[in-house]
$ cat upload_21.txt   # compact mmCIF, C-alpha atoms and all ligand atoms
# COMPACT_ATOMS: atom_id res chain seq x y z
CA MET A 1 0.00 0.00 0.00
CA SER A 2 1.32 3.43 -0.82
CA ASN A 3 2.25 5.71 2.04
CA ARG A 4 0.25 8.93 1.84
CA ASN A 5 2.63 10.57 4.28
CA LEU A 6 5.13 10.70 1.46
CA PHE A 7 4.75 13.40 -1.18
CA PRO A 8 1.57 14.94 0.25
CA VAL A 9 -0.33 16.88 -2.40
CA THR A 10 -1.36 20.38 -1.43
CA VAL A 11 -2.20 23.80 -2.86
CA VAL A 12 -0.68 27.19 -2.25
CA GLY A 13 -3.99 28.84 -1.44
CA SER A 14 -6.42 30.57 -3.74
CA TRP A 15 -8.97 29.17 -6.16
CA ALA A 16 -10.63 31.14 -8.93
CA ARG A 17 -13.62 33.12 -7.64
CA PRO A 18 -16.93 32.39 -9.38
CA SER A 19 -18.80 35.41 -10.77
CA TYR A 20 -21.57 35.29 -8.14
CA LEU A 21 -18.90 35.55 -5.46
CA ILE A 22 -17.22 38.53 -7.08
CA LYS A 23 -20.62 40.22 -7.34
CA ALA A 24 -21.20 39.68 -3.62
CA LEU A 25 -17.69 40.92 -2.86
CA ARG A 26 -18.36 44.14 -4.77
CA SER A 27 -21.57 44.66 -2.79
CA ARG A 28 -19.67 44.04 0.44
CA GLN A 29 -16.96 46.53 -0.50
CA ALA A 30 -19.58 49.11 -1.44
CA GLY A 31 -21.06 48.67 2.05
CA GLU A 32 -24.34 47.35 0.67
CA ILE A 33 -24.24 44.04 2.52
CA SER A 34 -22.75 42.89 5.83
CA PHE A 35 -19.71 40.62 6.15
CA LYS A 36 -22.11 37.94 7.38
CA ASP A 37 -24.29 38.27 4.27
CA PHE A 38 -21.19 38.08 2.12
CA ASN A 39 -20.01 34.98 3.99
CA ASP A 40 -23.32 33.26 3.43
CA VAL A 41 -22.67 33.57 -0.31
CA ALA A 42 -19.01 32.61 0.10
CA ASP A 43 -19.97 29.39 1.94
CA LYS A 44 -21.13 27.95 -1.36
CA ALA A 45 -17.90 28.89 -3.13
CA VAL A 46 -15.83 27.37 -0.32
CA LEU A 47 -17.80 24.11 -0.52
CA GLU A 48 -17.11 24.00 -4.26
CA ALA A 49 -13.41 24.65 -3.73
CA LEU A 50 -13.19 21.91 -1.09
CA ASP A 51 -15.07 19.48 -3.27
CA LEU A 52 -12.85 20.15 -6.30
CA GLN A 53 -9.72 19.61 -4.24
CA GLU A 54 -11.06 16.33 -2.87
CA GLN A 55 -11.95 15.20 -6.39
CA ALA A 56 -8.44 16.04 -7.53
CA GLY A 57 -6.86 13.96 -4.74
CA VAL A 58 -5.41 16.85 -2.72
CA ASP A 59 -4.32 15.72 0.77
CA LEU A 60 -3.88 19.09 2.48
CA LEU A 61 -6.65 21.50 1.49
CA THR A 62 -7.31 25.21 1.77
CA ASP A 63 -10.70 26.89 1.64
CA GLY A 64 -9.64 28.41 -1.66
CA GLU A 65 -9.39 31.85 -0.02
CA GLN A 66 -12.93 32.40 -1.28
CA ARG A 67 -13.79 34.75 1.59
CA ARG A 68 -10.88 37.03 0.76
CA ASP A 69 -10.48 39.92 -1.62
CA ASN A 70 -6.88 38.82 -1.88
CA PHE A 71 -4.37 36.94 0.24
CA TYR A 72 -3.48 39.92 2.45
CA SER A 73 -6.19 42.57 1.95
CA PHE A 74 -8.83 40.41 3.70
CA VAL A 75 -7.44 41.46 7.09
CA VAL A 76 -9.48 44.69 6.81
CA GLU A 77 -12.56 42.68 7.80
CA LYS A 78 -10.85 41.46 10.97
CA LEU A 79 -8.67 44.33 12.14
CA SER A 80 -9.76 47.84 12.98
CA GLY A 81 -7.44 50.63 11.92
CA MET A 82 -6.99 49.17 8.44
CA LYS A 83 -8.55 50.64 5.32
CA LEU A 84 -8.97 48.70 2.10
CA THR A 85 -7.40 50.91 -0.54
CA LYS A 86 -7.25 50.46 -4.28
CA VAL A 87 -3.78 50.67 -5.73
CA SER A 88 -5.15 53.37 -8.03
CA GLU A 89 -6.12 55.45 -4.95
CA LEU A 90 -2.62 55.10 -3.51
CA MET A 91 -1.34 56.86 -6.60
CA ASP A 92 -2.61 60.12 -5.15
CA TYR A 93 -0.17 59.70 -2.28
CA ALA A 94 2.74 58.37 -4.29
CA LYS A 95 5.78 60.61 -4.22
CA ASP A 96 6.28 60.22 -7.94
CA ARG A 97 2.87 59.54 -9.40
CA ALA A 98 3.99 59.36 -13.02
CA ARG A 99 6.60 56.74 -12.22
CA PHE A 100 4.17 54.70 -10.11
CA GLU A 101 1.68 54.69 -13.01
CA GLU A 102 4.39 53.69 -15.43
CA VAL A 103 5.41 50.78 -13.20
CA LEU A 104 1.84 49.52 -12.96
CA ARG A 105 1.42 49.67 -16.72
CA ALA A 106 4.70 47.89 -17.37
CA LEU A 107 3.78 45.14 -14.90
CA ASP A 108 0.26 44.65 -16.28
CA VAL A 109 -1.22 45.40 -12.87
CA PRO A 110 -4.94 46.22 -12.82
CA ALA A 111 -4.62 49.18 -10.44
CA PHE A 112 -8.37 49.54 -10.03
CA ALA A 113 -8.87 45.87 -9.15
CA ILE A 114 -6.03 45.26 -6.72
CA LYS A 115 -6.45 46.50 -3.18
CA SER A 116 -4.14 46.83 -0.21
CA PRO A 117 -4.92 47.03 3.49
CA ILE A 118 -3.47 50.34 4.65
CA ALA A 119 -2.98 51.08 8.36
CA ILE A 120 -4.55 54.46 9.06
CA ASP A 121 -4.98 54.03 12.81
CA LYS A 122 -3.71 51.80 15.59
CA ILE A 123 -4.52 48.27 14.39
CA GLN A 124 -6.57 46.12 16.70
CA VAL A 125 -8.07 42.67 16.41
CA GLN A 126 -11.86 42.66 16.09
CA GLU A 127 -11.96 38.96 15.36
CA PRO A 128 -9.31 36.32 14.55
CA LEU A 129 -7.97 36.56 11.00
CA ALA A 130 -8.82 33.08 9.74
CA LEU A 131 -10.67 31.21 12.48
CA ASP A 132 -13.99 31.55 10.62
CA GLU A 133 -12.40 30.09 7.48
CA LEU A 134 -10.82 27.18 9.35
CA SER A 135 -13.92 26.33 11.38
CA PHE A 136 -16.15 26.22 8.32
CA ALA A 137 -13.69 24.17 6.27
CA LYS A 138 -13.18 21.69 9.12
CA LYS A 139 -16.91 21.06 9.25
CA HIS A 140 -16.97 20.14 5.59
CA THR A 141 -13.93 17.98 4.99
CA ASN A 142 -12.14 15.22 6.86
CA ARG A 143 -8.86 15.95 5.15
CA ASP A 144 -6.08 18.06 6.60
CA ILE A 145 -6.38 21.82 6.33
CA LYS A 146 -3.81 24.46 5.52
CA VAL A 147 -4.49 28.08 6.43
CA THR A 148 -2.57 30.77 4.60
CA LEU A 149 -1.78 34.08 6.26
CA PRO A 150 0.20 37.11 5.19
CA GLY A 151 3.65 36.87 6.73
CA PRO A 152 4.80 39.57 9.15
CA TYR A 153 7.06 41.29 6.62
CA MET A 154 4.42 41.29 3.88
CA LEU A 155 1.72 42.59 6.17
CA THR A 156 3.94 45.30 7.58
CA ARG A 157 5.34 46.46 4.26
CA ALA A 158 2.02 46.36 2.42
CA SER A 159 0.14 48.23 5.14
CA TRP A 160 2.57 51.04 5.83
CA PHE A 161 2.21 53.96 3.45
CA GLU A 162 3.87 57.30 3.92
CA GLY A 163 1.32 60.08 4.26
CA LEU A 164 -1.35 57.68 5.54
CA THR A 165 0.29 55.51 8.20
CA ASP A 166 3.13 57.57 9.66
CA LYS A 167 0.87 59.68 11.90
CA VAL A 168 0.12 56.55 13.94
CA TYR A 169 3.19 54.45 13.23
CA PRO A 170 6.12 56.73 12.41
CA GLU A 171 8.17 53.89 10.89
CA PRO A 172 7.34 50.43 9.46
CA GLU A 173 9.19 48.94 12.47
CA ASP A 174 6.56 50.48 14.77
CA LEU A 175 3.74 48.87 12.84
CA ALA A 176 5.66 45.57 12.73
CA LYS A 177 5.49 45.26 16.54
CA ASP A 178 1.69 45.14 16.44
CA VAL A 179 1.67 42.88 13.37
CA VAL A 180 3.94 40.33 15.05
CA LYS A 181 1.78 40.28 18.18
CA ILE A 182 -1.40 39.77 16.13
CA LEU A 183 0.12 36.92 14.09
CA ARG A 184 1.47 35.18 17.20
CA ASP A 185 -1.97 35.26 18.79
CA GLU A 186 -3.48 33.99 15.53
CA PHE A 187 -1.11 31.02 15.48
CA GLU A 188 -2.32 29.92 18.92
CA ILE A 189 -5.97 30.43 17.99
CA LEU A 190 -5.67 28.34 14.81
CA LYS A 191 -3.63 25.69 16.61
CA ASN A 192 -6.31 25.34 19.28
CA ALA A 193 -8.93 25.06 16.55
CA GLY A 194 -7.04 22.13 14.98
CA VAL A 195 -5.30 23.59 11.94
CA ASP A 196 -2.83 21.19 10.29
CA PHE A 197 -0.55 23.65 8.51
CA ILE A 198 0.01 27.39 8.60
CA GLN A 199 1.57 28.98 5.55
CA TRP A 200 3.02 32.48 5.84
CA ASP A 201 2.89 34.27 2.51
CA GLU A 202 5.89 36.48 1.84
CA PRO A 203 5.87 36.99 -1.95
CA THR A 204 7.09 40.55 -1.70
CA LEU A 205 10.50 39.21 -0.69
CA SER A 206 11.00 38.29 -4.31
CA GLN A 207 10.47 41.93 -5.22
CA VAL A 208 13.21 42.80 -2.78
CA ALA A 209 15.53 40.19 -4.28
CA PHE A 210 14.62 40.22 -7.96
CA GLY A 211 12.87 43.53 -8.57
CA GLU A 212 14.80 45.94 -10.66
CA GLU A 213 14.44 49.64 -10.04
CA THR A 214 11.60 49.83 -12.55
CA LYS A 215 9.92 46.64 -11.41
CA GLU A 216 8.90 47.93 -7.99
CA THR A 217 6.01 47.40 -6.89
CA PHE A 218 2.36 47.54 -6.11
CA MET A 219 1.99 45.09 -3.25
CA CYS A 220 4.32 47.13 -1.10
CA ALA A 221 3.78 50.74 -1.81
CA ALA A 222 6.53 51.65 0.64
CA LEU A 223 9.25 49.70 -1.11
CA PRO A 224 10.25 52.49 -3.51
CA ASN A 225 11.92 54.02 -0.47
CA ARG A 226 13.46 50.73 0.41
CA ARG A 227 16.75 50.22 2.04
CA ASP A 228 19.46 47.93 0.80
CA PRO A 229 17.98 44.50 -0.20
CA SER A 230 20.04 42.63 2.39
CA GLU A 231 18.74 44.92 5.12
CA GLU A 232 15.16 44.24 3.98
CA LEU A 233 15.78 40.49 3.93
CA GLU A 234 17.30 40.58 7.41
CA PHE A 235 14.29 42.58 8.57
CA ALA A 236 12.00 39.89 7.11
CA VAL A 237 13.91 37.08 8.83
CA ARG A 238 13.84 38.94 12.13
CA LEU A 239 10.08 39.52 11.93
CA MET A 240 9.39 35.89 11.04
CA ASN A 241 11.52 34.66 13.93
CA GLU A 242 9.91 37.09 16.37
CA THR A 243 6.54 35.82 15.18
CA MET A 244 7.50 32.16 15.54
CA SER A 245 9.53 32.49 18.72
CA GLY A 246 8.52 29.70 21.12
CA LEU A 247 5.53 28.64 19.01
CA THR A 248 5.23 24.92 18.33
CA GLY A 249 2.66 22.27 17.59
CA VAL A 250 1.64 23.16 14.03
CA LYS A 251 3.67 22.62 10.89
CA THR A 252 4.53 25.94 9.24
CA GLY A 253 5.80 27.06 5.88
CA VAL A 254 6.74 30.25 4.11
CA HIS A 255 5.57 30.77 0.53
CA ILE A 256 7.53 32.85 -1.90
CA CYS A 257 6.83 33.11 -5.60
CA ARG A 258 7.84 35.74 -8.09
CA GLY A 259 4.40 37.11 -8.77
CA ASN A 260 1.06 35.70 -9.84
CA TRP A 261 -1.01 38.70 -10.85
CA SER A 262 -0.76 38.27 -14.61
CA ARG A 263 -0.63 35.38 -17.08
CA ARG A 264 2.05 37.26 -18.96
CA GLU A 265 5.20 35.49 -17.82
CA ASP A 266 7.31 38.33 -19.28
CA VAL A 267 6.07 40.86 -16.71
CA LEU A 268 6.60 38.61 -13.69
CA LEU A 269 9.85 38.58 -11.78
CA GLU A 270 12.56 36.15 -12.77
CA GLY A 271 15.51 34.47 -11.07
CA ASN A 272 16.41 31.39 -9.06
CA TYR A 273 16.09 31.28 -5.28
CA GLY A 274 19.86 31.66 -4.81
CA PRO A 275 19.74 35.21 -3.41
CA LEU A 276 16.90 34.32 -1.02
CA LEU A 277 17.88 30.87 0.28
CA PRO A 278 20.51 32.01 2.81
CA TYR A 279 17.78 34.09 4.45
CA LEU A 280 14.95 31.58 4.08
CA VAL A 281 16.86 28.82 5.85
CA GLU A 282 17.31 31.18 8.81
CA MET A 283 13.55 31.46 9.20
CA ASN A 284 12.12 29.38 11.99
CA VAL A 285 9.58 27.51 9.82
CA ASP A 286 9.43 23.87 8.73
CA GLN A 287 8.88 24.24 5.03
CA LEU A 288 9.71 26.47 2.08
CA VAL A 289 6.77 26.54 -0.33
CA LEU A 290 8.41 27.49 -3.60
CA GLU A 291 7.58 28.17 -7.21
CA CYS A 292 9.68 25.78 -9.29
CA ALA A 293 7.57 24.83 -12.34
CA THR A 294 7.89 28.05 -14.29
CA PRO A 295 11.15 28.34 -16.26
CA ARG A 296 11.56 31.75 -14.57
CA ALA A 297 12.52 29.82 -11.43
CA GLY A 298 15.82 28.60 -12.89
CA ASP A 299 17.65 25.35 -12.18
CA LEU A 300 17.18 23.12 -9.17
CA ASP A 301 20.91 22.88 -8.47
CA VAL A 302 20.44 26.09 -6.49
CA PHE A 303 19.27 23.77 -3.67
CA LYS A 304 22.56 21.88 -3.59
CA GLU A 305 23.90 23.73 -0.54
CA TYR A 306 20.55 23.81 1.24
CA GLY A 307 19.10 20.34 0.62
CA ASN A 308 17.18 18.85 3.57
CA GLU A 309 17.70 21.95 5.73
CA LYS A 310 13.94 22.45 5.49
CA GLU A 311 11.07 20.60 3.93
CA ILE A 312 10.16 21.85 0.49
CA GLY A 313 6.69 22.53 -0.91
CA PHE A 314 7.74 21.88 -4.46
CA GLY A 315 5.94 23.81 -7.21
CA VAL A 316 5.38 21.24 -9.96
CA VAL A 317 2.61 22.80 -12.06
CA ASN A 318 2.24 26.33 -13.39
CA PRO A 319 -1.10 27.84 -12.31
CA ARG A 320 -1.02 30.33 -15.19
CA THR A 321 -0.97 27.97 -18.18
CA ASP A 322 -3.75 25.99 -19.87
CA GLU A 323 -1.51 23.09 -20.77
CA VAL A 324 -1.68 20.36 -18.12
CA GLU A 325 1.68 18.95 -17.05
CA SER A 326 1.75 15.15 -17.31
CA PRO A 327 2.31 12.92 -14.25
CA GLN A 328 5.50 11.61 -15.91
CA GLN A 329 6.82 15.14 -16.36
CA ILE A 330 6.15 15.85 -12.69
CA VAL A 331 7.79 12.58 -11.58
CA SER A 332 10.98 13.38 -13.48
CA ARG A 333 11.09 16.85 -12.02
CA VAL A 334 10.72 15.45 -8.49
CA GLU A 335 13.41 12.88 -9.20
CA GLU A 336 15.72 15.73 -10.10
CA LEU A 337 14.91 17.32 -6.74
CA LEU A 338 15.57 14.02 -4.94
CA LYS A 339 19.28 14.71 -5.50
CA TYR A 340 18.95 17.39 -2.81
CA PHE A 341 15.98 16.40 -0.64
CA ASP A 342 14.92 13.12 0.97
CA PRO A 343 11.49 11.82 -0.10
CA ASP A 344 9.98 12.57 3.32
CA LYS A 345 10.93 16.23 2.99
CA ILE A 346 8.91 16.90 -0.17
CA TYR A 347 5.35 18.15 -0.58
CA LEU A 348 3.89 18.66 -4.05
CA ASN A 349 1.97 21.81 -4.95
CA PRO A 350 1.33 24.24 -7.80
CA ASP A 351 3.66 27.23 -8.03
CA CYS A 352 1.05 29.55 -6.56
CA GLY A 353 -2.72 29.98 -6.25
CA PHE A 354 -5.24 29.83 -9.09
CA GLY A 355 -6.88 33.15 -8.27
CA THR A 356 -4.50 35.34 -6.32
CA PHE A 357 -6.54 38.53 -6.60
CA ALA A 358 -10.34 38.66 -6.78
CA GLU A 359 -11.43 39.82 -10.23
CA ARG A 360 -8.25 38.44 -11.69
CA ASN A 361 -8.60 34.69 -11.82
CA ILE A 362 -5.44 33.11 -13.06
CA ASN A 363 -7.08 29.96 -14.36
CA THR A 364 -10.36 28.05 -14.56
CA ASN A 365 -11.43 25.42 -12.06
CA GLU A 366 -11.41 22.84 -14.81
CA VAL A 367 -7.73 23.38 -15.61
CA ALA A 368 -6.88 23.65 -11.89
CA VAL A 369 -8.51 20.29 -11.16
CA ASN A 370 -6.78 18.63 -14.10
CA LYS A 371 -3.41 19.96 -13.02
CA LEU A 372 -3.94 18.73 -9.46
CA LYS A 373 -5.11 15.34 -10.72
CA SER A 374 -1.82 15.11 -12.55
CA VAL A 375 0.06 16.01 -9.37
CA SER A 376 -1.88 13.32 -7.44
CA ALA A 377 -1.13 10.72 -10.10
CA ALA A 378 2.55 11.68 -9.92
CA ALA A 379 2.44 11.39 -6.12
CA ASP A 380 1.04 7.85 -6.42
CA ILE A 381 3.86 6.82 -8.75
CA LEU A 382 6.45 8.38 -6.44
CA ARG A 383 4.95 6.77 -3.34
CA SER A 384 5.07 3.33 -4.85
CA LYS A 385 8.70 3.87 -5.86
CA TYR A 386 10.04 5.49 -2.70
CA SER A 387 7.93 4.08 0.17
ZN ZN B 1 2.50 32.82 -4.82

$ encode --input "upload_21.txt" --output "structure tokens"
Amino acid sequence: MSNRNLFPVTVVGSWARPSYLIKALRSRQAGEISFKDFNDVADKAVLEALDLQEQAGVDLLTDGEQRRDNFYSFVVEKLSGMKLTKVSELMDYAKDRARFEEVLRALDVPAFAIKSPIAIDKIQVQEPLALDELSFAKKHTNRDIKVTLPGPYMLTRASWFEGLTDKVYPEPEDLAKDVVKILRDEFEILKNAGVDFIQWDEPTLSQVAFGEETKETFMCAALPNRRDPSEELEFAVRLMNETMSGLTGVKTGVHICRGNWSRREDVLLEGNYGPLLPYLVEMNVDQLVLECATPRAGDLDVFKEYGNEKEIGFGVVNPRTDEVESPQQIVSRVEELLKYFDPDKIYLNPDCGFGTFAERNINTNEVAVNKLKSVSAAADILRSKYS
């Protein structure tokens, strides 16, 4: 019998949002319906996302982030002091508006559709960030559940905007103290509610490492004033380790991809994980959830020095393409990785979510399911070979 503990199949987080859900989300954001009314609609979308993942043979499920506007902006519903702000609105506060607009155009970013949570007052927890999501999902599946949360660096950097935040938090470091405290509390809450995996999303680190001057940024409005990349990366490691300090009992990962807002591979960031790995292995988490299917990710030999230091959530399918990778293709890719990681250190996942930002689905459910079925079939082959 194959050992399902080997090569668990999981997802990075988001599923495409159906049109009825996006309609309800718009009503919610216009203040026409309550969060509860919105969630009643979202329940259906979550059930569909869970069902599709079960059909596709996924072992560790998410709720598809169907209750979220995007993977970090959703905190506005849970924290007071945060204001959901369209990237296009932030332009009014940008120091160099023309340049900011130019960057958004070059990156194919829909500035009117992507929203950031901006701290405009002292942030305080009104309700836990993801307990509602976890509790609902647990009621409707017997499989293990992963909850994704914005990492402390991402949440700090994305929420601090000069001209809006500095009256309350003079520097990002001041905001970070509250962010770390909130995320630590959230870890305990989710642990007590029986979560199986917590994934911290830190995709903006790739903008620090791979972003050229002109390729900064919309997820972190404050980064144009950024310090030296190594200082930013050390800041990110410090915040993660302050968040995780003394916390145990739930497996954790950090997810970093090079962007998933457009299907145009040419506008997304490019480069292997070489510049990031020395910092990532210093983070007190169990697993690195990495994008490795897209050719933009480079060669796997970058892991040579770091093999087995952490588990790896290995990106084996590209969420942005229609072509479905074959199980055999995936198996050979994993066998390449087995040069650097033991079988029991490897999870299989897509490079990123299938619907990172609401109103910008990256793929259809049909393609997503077929890709995950391929991953599951590959996992079966690998389990029978390496158990
Ligand atoms: Zn991602």

$ residues_near_point --input "upload_21.txt" --point "(20.6, 39.2, -0.6)" --cutoff "12 Å" --atoms "all atoms listed in the file" --output "mmCIF file with C-alpha atoms, in the frame of the given file"
data_model
loop_
_atom_site.group_PDB
_atom_site.id
_atom_site.type_symbol
_atom_site.label_atom_id
_atom_site.label_comp_id
_atom_site.auth_asym_id
_atom_site.auth_seq_id
_atom_site.Cartn_x
_atom_site.Cartn_y
_atom_site.Cartn_z
ATOM 1 C CA LEU A 205 10.500 39.210 -0.690
ATOM 2 C CA SER A 206 11.000 38.290 -4.310
ATOM 3 C CA GLN A 207 10.470 41.930 -5.220
ATOM 4 C CA VAL A 208 13.210 42.800 -2.780
ATOM 5 C CA ALA A 209 15.530 40.190 -4.280
ATOM 6 C CA PHE A 210 14.620 40.220 -7.960
ATOM 7 C CA GLY A 211 12.870 43.530 -8.570
ATOM 8 C CA ARG A 227 16.750 50.220 2.040
ATOM 9 C CA ASP A 228 19.460 47.930 0.800
ATOM 10 C CA PRO A 229 17.980 44.500 -0.200
ATOM 11 C CA SER A 230 20.040 42.630 2.390
ATOM 12 C CA GLU A 231 18.740 44.920 5.120
ATOM 13 C CA GLU A 232 15.160 44.240 3.980
ATOM 14 C CA LEU A 233 15.780 40.490 3.930
ATOM 15 C CA GLU A 234 17.300 40.580 7.410
ATOM 16 C CA PHE A 235 14.290 42.580 8.570
ATOM 17 C CA ALA A 236 12.000 39.890 7.110
ATOM 18 C CA VAL A 237 13.910 37.080 8.830
ATOM 19 C CA TYR A 273 16.090 31.280 -5.280
ATOM 20 C CA GLY A 274 19.860 31.660 -4.810
ATOM 21 C CA PRO A 275 19.740 35.210 -3.410
ATOM 22 C CA LEU A 276 16.900 34.320 -1.020
ATOM 23 C CA LEU A 277 17.880 30.870 0.280
ATOM 24 C CA PRO A 278 20.510 32.010 2.810
ATOM 25 C CA TYR A 279 17.780 34.090 4.450
ATOM 26 C CA LEU A 280 14.950 31.580 4.080
#

$ closest_atom_pairs --input "upload_21.txt" --of "chain A" --to "ligand ZN 1 (chain B)" --cutoff "6 Å" --atoms "all atoms listed in the file" --output "CSV"
residue,atom,partner,partner_atom,distance
A:Ile256,CA,B:ZN1,ZN,5.8
A:Cys257,CA,B:ZN1,ZN,4.4
A:Asn260,CA,B:ZN1,ZN,6.0
A:Cys352,CA,B:ZN1,ZN,4.0

$ residues_around --input "upload_21.txt" --residues "range 37-46 of chain A" --least-positions-apart "2" --cutoff "7 Å" --atoms "only C-alpha atoms" --output "list in words"
Leu21, Ala24, Leu25, Arg28, Ile33, Ser34, Phe35, Glu48, Ala49, Leu50, Asp63, Gly64, Gln66 and Arg67 of chain A

$ closest_atom_pairs --input "upload_21.txt" --of "range 101-218 of chain A" --to "range 239-249 of chain A" --cutoff "9 Å" --atoms "only C-alpha atoms" --output "CSV"
residue,atom,partner,partner_atom,distance
A:Gly151,CA,A:Met240,CA,7.2
A:Pro152,CA,A:Leu239,CA,6.0
A:Tyr153,CA,A:Leu239,CA,6.4
A:Ala176,CA,A:Leu239,CA,7.5
A:Lys177,CA,A:Leu239,CA,8.7
A:Val179,CA,A:Thr243,CA,8.8
A:Val180,CA,A:Thr243,CA,5.2
A:Lys181,CA,A:Thr243,CA,7.2
A:Ile182,CA,A:Thr243,CA,8.9
A:Leu183,CA,A:Thr243,CA,6.6
A:Arg184,CA,A:Thr243,CA,5.5
A:Phe187,CA,A:Leu247,CA,7.9
A:Glu188,CA,A:Leu247,CA,8.0
A:Lys191,CA,A:Gly249,CA,7.2
A:Trp200,CA,A:Met240,CA,8.9

$ write_last_selection --input "upload_21.txt" --atoms "C-alpha atoms" --output "PDB file, in the coordinates of the input"
ATOM      1  CA  GLY A 151       3.650  36.870   6.730  1.00  0.00           C
ATOM      2  CA  PRO A 152       4.800  39.570   9.150  1.00  0.00           C
ATOM      3  CA  TYR A 153       7.060  41.290   6.620  1.00  0.00           C
ATOM      4  CA  ALA A 176       5.660  45.570  12.730  1.00  0.00           C
ATOM      5  CA  LYS A 177       5.490  45.260  16.540  1.00  0.00           C
ATOM      6  CA  VAL A 179       1.670  42.880  13.370  1.00  0.00           C
ATOM      7  CA  VAL A 180       3.940  40.330  15.050  1.00  0.00           C
ATOM      8  CA  LYS A 181       1.780  40.280  18.180  1.00  0.00           C
ATOM      9  CA  ILE A 182      -1.400  39.770  16.130  1.00  0.00           C
ATOM     10  CA  LEU A 183       0.120  36.920  14.090  1.00  0.00           C
ATOM     11  CA  ARG A 184       1.470  35.180  17.200  1.00  0.00           C
ATOM     12  CA  PHE A 187      -1.110  31.020  15.480  1.00  0.00           C
ATOM     13  CA  GLU A 188      -2.320  29.920  18.920  1.00  0.00           C
ATOM     14  CA  LYS A 191      -3.630  25.690  16.610  1.00  0.00           C
ATOM     15  CA  TRP A 200       3.020  32.480   5.840  1.00  0.00           C
TER      16      TRP A 200
END

$ closest_residue --input "upload_21.txt" --among "A:Arg264, A:Lys146, A:Lys339, A:Lys36" --to "Ile362 in chain A" --atoms "all atoms listed in the file"
A:Arg264

$ atom_distance --input "upload_21.txt" --atom1 "CA of Ala193 in chain A" --atom2 "CA of Leu129 in chain A"
12.8 Å

$ atom_distance --input "upload_21.txt" --atom1 "CA of Glu282 in chain A" --atom2 "CA of Asn349 in chain A"
22.6 Å

$ residues_around --input "upload_21.txt" --residues "Gln124 in chain A" --least-positions-apart "3" --cutoff "9 Å" --atoms "only C-alpha atoms" --output "list in words"
Lys78, Leu79, Ser80, Gly81, Met82, Asp121, Asp178 and Ile182 of chain A

$ residues_around --input "upload_21.txt" --residues "Leu348 in chain A" --least-positions-apart "6" --cutoff "8 Å" --atoms "all atoms listed in the file" --output "list in words"
Phe7, Pro8, Val9, Thr10, Gly313, Phe314, Gly315, Val316, Val375 and Ala379 of chain A

$ residues_around --input "upload_21.txt" --residues "range 92-97 of chain A" --least-positions-apart "3" --cutoff "9 Å" --atoms "only C-alpha atoms" --output "list in words"
Ser88, Glu89, Phe100, Glu101, Glu102, Phe161, Glu162, Gly163, Leu164 and Ala221 of chain A

$ closest_residue --input "upload_21.txt" --among "A:Ile118, A:Val250, A:Val195, A:Leu104" --to "Glu133 in chain A" --atoms "only C-alpha atoms"
A:Val195

$ residues_around --input "upload_21.txt" --residues "Ile346 in chain A" --least-positions-apart "2" --cutoff "6 Å" --atoms "all atoms listed in the file" --output "list in words"
Phe7, Glu311, Ile312, Pro343 and Asp344 of chain A

$ atom_distance --input "upload_21.txt" --atom1 "CA of Phe357 in chain A" --atom2 "CA of Asn70 in chain A"
4.7 Å

$ closest_residue --input "upload_21.txt" --among "A:Cys292, A:Leu131, A:Leu155, A:Val76" --to "Arg333 in chain A" --atoms "only C-alpha atoms"
A:Cys292

$ axis_aligned_box --input "upload_21.txt" --around "range 11-22 of chain A" --padding-each-side "5 Å" --output "AutoDock Vina command-line options"
--center_x -11.1 --center_y 31.2 --center_z -6.1 --size_x 30.9 --size_y 24.7 --size_z 19.3
